[in-house]
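Peer 1: Structure in structure tokens, see below.
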Amino acid sequence: MEINIPEVVAEVTAAFMRYETALTTNDVEVLDELFWDSPHTLRYGVTENLHGYEEIKAFRAGRAAAGLNRELLRTVITTYGRDFATANTTFRREGSDKTGRQSQTWMRVPGIGWRVVSAHVSLLLTPS
């Protein structure tokens with residue numbers, strides 16, 4: 001298995017940045033699109049544990065659109081072969097001294113493209 005094939009890293013990076021733009025602009029349609037529509041998809045957030053695409057979609061529909069801007073501090077994208085990748089980043093929201101962490105597992109879905117199949121977001125208890 002090849003790790004970090006340059007063109008695959010570029011594809012996943014573009015998908016990740018598309019997700020980041022949708023997240024900070026509250027583009028729910030794109031956020032929904034980028035999660036795999038499957039009961040196997042998971043998203044664990046700071047205050048929620050979501051199992052399956054439908055729970056994730058319902059969460060997005062009800063989420064407040066305020067305070068979404070953030071600065072990415074360090075992002076690491078690693079690809080494994082041509083169809084599987086991880087994206088991990090740390091971030092800080094505007095007006096906050098807390099550091100957040102986000103991890104995503106991406107899978108290339110045949111005929112559709114890159115989709116998040118698992119995600120986790122958490123905050124460090126103390127500023128870093």
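If you're wondering about the labels, chains in the structure tokens are A, B, ... by order shown, residues count from 1 in each chain, ligands from 1 in order shown.
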Could you list, with a cut-off of 12 Å and counting only C-alpha atoms, the residues of range 12-44 of chain A near range 101-107 of chain A, each shown with its nearest atom pair and the distance in Å rounded to one decimal, rows sorted by chain and ascending number, as CSV?

Peer 2:
residue,atom,partner,partner_atom,distance
A:Val12,CA,A:Trp106,CA,7.8
A:Thr13,CA,A:Trp106,CA,10.6
A:Ala15,CA,A:Trp106,CA,9.2
A:Phe16,CA,A:Gln104,CA,9.0
A:Tyr19,CA,A:Gln104,CA,10.7
A:Glu20,CA,A:Gln102,CA,11.0
A:Leu34,CA,A:Trp106,CA,9.4
A:Phe35,CA,A:Trp106,CA,8.9
A:Trp36,CA,A:Met107,CA,8.5
A:Asp37,CA,A:Met107,CA,11.9
A:Thr41,CA,A:Thr105,CA,9.9
A:Leu42,CA,A:Thr105,CA,9.9
A:Arg43,CA,A:Gln104,CA,8.9
A:Tyr44,CA,A:Gln102,CA,9.8

Peer 1: For C-alpha atoms, I'd like the residues from the last selection saved as a PDB file, in the first residue's frame.

Peer 2:
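Okay, this is what ended up in out-v9.pdb:
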ATOM      1  CA  VAL A  12      -8.461  14.663  -0.015  1.00  0.00           C
ATOM      2  CA  THR A  13      -7.033  18.076   0.838  1.00  0.00           C
ATOM      3  CA  ALA A  15     -12.387  17.727  -0.047  1.00  0.00           C
ATOM      4  CA  PHE A  16     -11.222  18.665   3.466  1.00  0.00           C
ATOM      5  CA  TYR A  19     -15.740  20.777   4.188  1.00  0.00           C
ATOM      6  CA  GLU A  20     -13.968  23.507   6.196  1.00  0.00           C
ATOM      7  CA  LEU A  34     -19.653  15.245   2.323  1.00  0.00           C
ATOM      8  CA  PHE A  35     -20.768  12.696   4.926  1.00  0.00           C
ATOM      9  CA  TRP A  36     -21.345   9.159   3.672  1.00  0.00           C
ATOM     10  CA  ASP A  37     -25.078   8.478   3.550  1.00  0.00           C
ATOM     11  CA  THR A  41     -21.304   6.750   9.550  1.00  0.00           C
ATOM     12  CA  LEU A  42     -20.429   8.237  12.957  1.00  0.00           C
ATOM     13  CA  ARG A  43     -19.810  11.736  14.275  1.00  0.00           C
ATOM     14  CA  TYR A  44     -18.855  12.340  17.883  1.00  0.00           C
TER      15      TYR A  44
END

Peer 1: Got a sec: who's within 12 Å of Glu11 in chain A, counting only C-alpha atoms, leaving out chain neighbours fewer than 5 positions off, as a PyMOL selection string?

Peer 2: chain A and resi 4-6+16-18+77-79+82-85+87+106-108+113-115

Peer 1: Go through A:Ser38, A:Leu124, A:Leu68, A:Val28 and flag the residue nearest Val109 in chain A, using only C-alpha atoms for the distances.

Peer 2: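 Distance minimum relative to Val109 in chain A lands on A:Ser38.
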
Peer 1: Between A:Met1, A:Ala64, A:Val8, A:Ile56, which has the minimum distance to Ser118 in chain A (counting only C-alpha atoms)?

Peer 2: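 Closest candidate: A:Ile56.
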
Peer 1: Which one is closest to Glu94 in chain A: A:Val117, A:Ala58, A:Ile3, A:Ala66? Count only C-alpha atoms.

Peer 2: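 Closest to Glu94 in chain A of all the choices is A:Ala66.
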
Peer 1: Determine which residues of chain A receive a DSSP assignment of strand (DSSP E or B), computed from the backbone, and state them as a short mmCIF file (atom, residue, chain, number, x, y, z; two decimals) with N, CA and C atoms, in the first residue's frame.

Peer 2:
data_model
loop_
_atom_site.label_atom_id
_atom_site.label_comp_id
_atom_site.auth_asym_id
_atom_site.auth_seq_id
_atom_site.Cartn_x
_atom_site.Cartn_y
_atom_site.Cartn_z
N ILE A 3 1.53 5.09 0.75
CA ILE A 3 1.11 6.15 1.67
C ILE A 3 1.38 7.50 1.00
N PHE A 35 -20.70 13.87 4.05
CA PHE A 35 -20.77 12.70 4.93
C PHE A 35 -21.38 11.54 4.14
N LEU A 42 -20.40 7.73 11.59
CA LEU A 42 -20.43 8.24 12.96
C LEU A 42 -19.86 9.64 13.02
N ARG A 43 -20.40 10.43 13.96
CA ARG A 43 -19.81 11.74 14.28
C ARG A 43 -19.98 11.97 15.77
N TYR A 44 -18.85 12.02 16.46
CA TYR A 44 -18.85 12.34 17.88
C TYR A 44 -18.39 13.78 18.03
N ASN A 49 -23.23 12.59 20.39
CA ASN A 49 -22.77 11.35 19.77
C ASN A 49 -23.81 10.98 18.73
N LEU A 50 -23.42 11.01 17.47
CA LEU A 50 -24.35 10.80 16.37
C LEU A 50 -24.00 9.51 15.65
N HIS A 51 -24.98 8.63 15.54
CA HIS A 51 -24.80 7.34 14.90
C HIS A 51 -25.68 7.28 13.65
N ARG A 70 -13.20 29.95 12.58
CA ARG A 70 -12.11 29.38 13.35
C ARG A 70 -10.83 29.43 12.55
N GLU A 71 -9.73 29.33 13.25
CA GLU A 71 -8.42 29.28 12.64
C GLU A 71 -7.89 27.86 12.76
N LEU A 72 -7.46 27.30 11.65
CA LEU A 72 -6.82 25.99 11.69
C LEU A 72 -5.38 26.19 12.13
N LEU A 73 -4.95 25.42 13.12
CA LEU A 73 -3.61 25.57 13.67
C LEU A 73 -2.62 24.59 13.05
N ARG A 74 -3.03 23.36 12.92
CA ARG A 74 -2.16 22.35 12.32
C ARG A 74 -3.04 21.25 11.73
N THR A 75 -2.84 20.97 10.47
CA THR A 75 -3.63 19.96 9.79
C THR A 75 -2.70 18.91 9.20
N VAL A 76 -3.06 17.64 9.42
CA VAL A 76 -2.28 16.53 8.87
C VAL A 76 -3.24 15.63 8.11
N ILE A 77 -2.98 15.48 6.82
CA ILE A 77 -3.78 14.59 5.98
C ILE A 77 -2.87 13.46 5.53
N THR A 78 -3.34 12.24 5.75
CA THR A 78 -2.57 11.06 5.37
C THR A 78 -3.48 10.16 4.54
N THR A 79 -2.98 9.74 3.40
CA THR A 79 -3.76 8.83 2.56
C THR A 79 -3.11 7.45 2.58
N TYR A 80 -3.97 6.43 2.47
CA TYR A 80 -3.55 5.04 2.51
C TYR A 80 -4.09 4.39 1.24
N PHE A 84 -8.66 5.62 0.87
CA PHE A 84 -8.84 5.76 2.30
C PHE A 84 -7.87 6.81 2.81
N ALA A 85 -8.36 7.66 3.74
CA ALA A 85 -7.52 8.74 4.25
C ALA A 85 -8.00 9.20 5.63
N THR A 86 -7.09 9.85 6.33
CA THR A 86 -7.45 10.52 7.58
C THR A 86 -7.07 11.99 7.46
N ALA A 87 -7.86 12.83 8.11
CA ALA A 87 -7.57 14.26 8.19
C ALA A 87 -7.72 14.66 9.65
N ASN A 88 -6.66 15.19 10.22
CA ASN A 88 -6.66 15.61 11.62
C ASN A 88 -6.21 17.06 11.67
N THR A 89 -6.91 17.84 12.49
CA THR A 89 -6.56 19.24 12.60
C THR A 89 -6.81 19.73 14.02
N THR A 90 -6.07 20.74 14.40
CA THR A 90 -6.38 21.47 15.61
C THR A 90 -6.84 22.85 15.18
N PHE A 91 -7.69 23.46 16.01
CA PHE A 91 -8.27 24.75 15.63
C PHE A 91 -8.56 25.58 16.86
N ARG A 92 -8.80 26.87 16.63
CA ARG A 92 -9.22 27.79 17.67
C ARG A 92 -10.33 28.66 17.10
N ARG A 93 -11.46 28.70 17.80
CA ARG A 93 -12.58 29.54 17.39
C ARG A 93 -12.29 31.00 17.72
N GLY A 100 -9.37 23.26 19.89
CA GLY A 100 -10.21 22.13 19.51
C GLY A 100 -9.43 21.16 18.65
N ARG A 101 -9.94 19.92 18.62
CA ARG A 101 -9.33 18.88 17.79
C ARG A 101 -10.41 18.24 16.95
N GLN A 102 -10.08 17.99 15.71
CA GLN A 102 -11.03 17.35 14.79
C GLN A 102 -10.31 16.26 14.04
N SER A 103 -10.91 15.09 14.03
CA SER A 103 -10.37 14.00 13.21
C SER A 103 -11.47 13.48 12.31
N GLN A 104 -11.09 13.17 11.10
CA GLN A 104 -12.05 12.64 10.12
C GLN A 104 -11.40 11.45 9.40
N THR A 105 -12.21 10.45 9.15
CA THR A 105 -11.80 9.34 8.29
C THR A 105 -12.58 9.49 6.99
N TRP A 106 -11.86 9.53 5.89
CA TRP A 106 -12.44 9.72 4.56
C TRP A 106 -12.30 8.44 3.76
N MET A 107 -13.32 8.14 2.96
CA MET A 107 -13.32 6.98 2.09
C MET A 107 -13.80 7.43 0.70
N ARG A 108 -13.14 6.91 -0.32
CA ARG A 108 -13.62 7.18 -1.68
C ARG A 108 -14.78 6.22 -1.95
N VAL A 109 -15.95 6.77 -2.20
CA VAL A 109 -17.14 5.97 -2.49
C VAL A 109 -17.25 5.87 -4.01
N GLY A 113 -17.35 9.83 -4.87
CA GLY A 113 -16.18 10.62 -4.49
C GLY A 113 -15.88 10.47 -3.00
N TRP A 114 -15.08 11.37 -2.49
CA TRP A 114 -14.63 11.32 -1.10
C TRP A 114 -15.74 11.70 -0.14
N ARG A 115 -15.91 10.87 0.91
CA ARG A 115 -16.92 11.12 1.93
C ARG A 115 -16.36 10.82 3.31
N VAL A 116 -16.79 11.60 4.30
CA VAL A 116 -16.42 11.35 5.69
C VAL A 116 -17.24 10.16 6.18
N VAL A 117 -16.56 9.17 6.74
CA VAL A 117 -17.25 8.00 7.28
C VAL A 117 -17.21 7.98 8.80
N SER A 118 -16.32 8.76 9.37
CA SER A 118 -16.22 8.86 10.82
C SER A 118 -15.57 10.19 11.16
N ALA A 119 -16.10 10.86 12.20
CA ALA A 119 -15.55 12.15 12.60
C ALA A 119 -15.64 12.30 14.11
N HIS A 120 -14.71 13.05 14.66
CA HIS A 120 -14.68 13.30 16.09
C HIS A 120 -14.19 14.73 16.31
N VAL A 121 -14.89 15.47 17.16
CA VAL A 121 -14.50 16.82 17.51
C VAL A 121 -14.47 16.92 19.03
N SER A 122 -13.42 17.50 19.58
CA SER A 122 -13.33 17.68 21.02
C SER A 122 -12.53 18.94 21.33
N LEU A 123 -12.64 19.39 22.57
CA LEU A 123 -11.91 20.55 23.03
C LEU A 123 -10.94 20.11 24.13
#

Peer 1: I'd like to know which residues of range 8-101 of chain A are helix (DSSP H, G or I) (by DSSP, run on the backbone); could you write them as JSON, numbers by chain?

Peer 2: {"A": [8, 9, 10, 11, 12, 13, 14, 15, 16, 17, 18, 19, 20, 21, 22, 23, 24, 25, 28, 29, 30, 31, 32, 33, 34, 53, 54, 55, 56, 57, 58, 59, 60, 61, 62]}

Peer 1: Store the residues picked out above, limited to C-alpha atoms, as a PDB file, in the first residue's frame.

Peer 2:
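Output contents, as saved in out-v4.pdb:
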ATOM      1  CA  VAL A   8      -4.638  11.430  -3.743  1.00  0.00           C
ATOM      2  CA  VAL A   9      -3.394  13.774  -1.011  1.00  0.00           C
ATOM      3  CA  ALA A  10      -4.421  16.688  -3.269  1.00  0.00           C
ATOM      4  CA  GLU A  11      -7.917  15.203  -3.736  1.00  0.00           C
ATOM      5  CA  VAL A  12      -8.461  14.663  -0.015  1.00  0.00           C
ATOM      6  CA  THR A  13      -7.033  18.076   0.838  1.00  0.00           C
ATOM      7  CA  ALA A  14      -9.489  19.689  -1.585  1.00  0.00           C
ATOM      8  CA  ALA A  15     -12.387  17.727  -0.047  1.00  0.00           C
ATOM      9  CA  PHE A  16     -11.222  18.665   3.466  1.00  0.00           C
ATOM     10  CA  MET A  17     -10.996  22.365   2.557  1.00  0.00           C
ATOM     11  CA  ARG A  18     -14.421  22.212   0.924  1.00  0.00           C
ATOM     12  CA  TYR A  19     -15.740  20.777   4.188  1.00  0.00           C
ATOM     13  CA  GLU A  20     -13.968  23.507   6.196  1.00  0.00           C
ATOM     14  CA  THR A  21     -15.492  26.265   4.052  1.00  0.00           C
ATOM     15  CA  ALA A  22     -18.945  24.691   4.349  1.00  0.00           C
ATOM     16  CA  LEU A  23     -18.499  24.353   8.117  1.00  0.00           C
ATOM     17  CA  THR A  24     -17.541  27.989   8.693  1.00  0.00           C
ATOM     18  CA  THR A  25     -20.241  29.341   6.346  1.00  0.00           C
ATOM     19  CA  VAL A  28     -25.546  22.539   5.425  1.00  0.00           C
ATOM     20  CA  GLU A  29     -26.154  21.151   1.940  1.00  0.00           C
ATOM     21  CA  VAL A  30     -22.426  20.654   1.329  1.00  0.00           C
ATOM     22  CA  LEU A  31     -21.847  19.353   4.869  1.00  0.00           C
ATOM     23  CA  ASP A  32     -24.567  16.757   4.335  1.00  0.00           C
ATOM     24  CA  GLU A  33     -23.135  15.849   0.938  1.00  0.00           C
ATOM     25  CA  LEU A  34     -19.653  15.245   2.323  1.00  0.00           C
ATOM     26  CA  TYR A  53     -26.175   9.668   8.482  1.00  0.00           C
ATOM     27  CA  GLU A  54     -29.745  10.595   9.474  1.00  0.00           C
ATOM     28  CA  GLU A  55     -28.698  11.651  12.999  1.00  0.00           C
ATOM     29  CA  ILE A  56     -25.800  13.675  11.597  1.00  0.00           C
ATOM     30  CA  LYS A  57     -28.079  15.362   9.059  1.00  0.00           C
ATOM     31  CA  ALA A  58     -30.663  16.214  11.766  1.00  0.00           C
ATOM     32  CA  PHE A  59     -27.915  17.696  13.950  1.00  0.00           C
ATOM     33  CA  ARG A  60     -26.678  19.887  11.090  1.00  0.00           C
ATOM     34  CA  ALA A  61     -30.212  21.128  10.368  1.00  0.00           C
ATOM     35  CA  GLY A  62     -30.653  22.283  13.971  1.00  0.00           C
TER      36      GLY A  62
END

Peer 1: Interatomic distance between CA of Pro39 in chain A and CA of Arg63 in chain A?

Peer 2: 20.5 Å

Peer 1: How many Å separate CA of Asp97 in chain A from CA of Thr126 in chain A?

Peer 2: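 According to the coordinates, CA of Asp97 in chain A and CA of Thr126 in chain A are separated by 8.7 Å.
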
Peer 1: Provide the CA of Gly111 in chain A to CA of Gly52 in chain A distance in Å, to one decimal place.

Peer 2: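 Computed distance, CA of Gly111 in chain A to CA of Gly52 in chain A, equals 20.7 Å.
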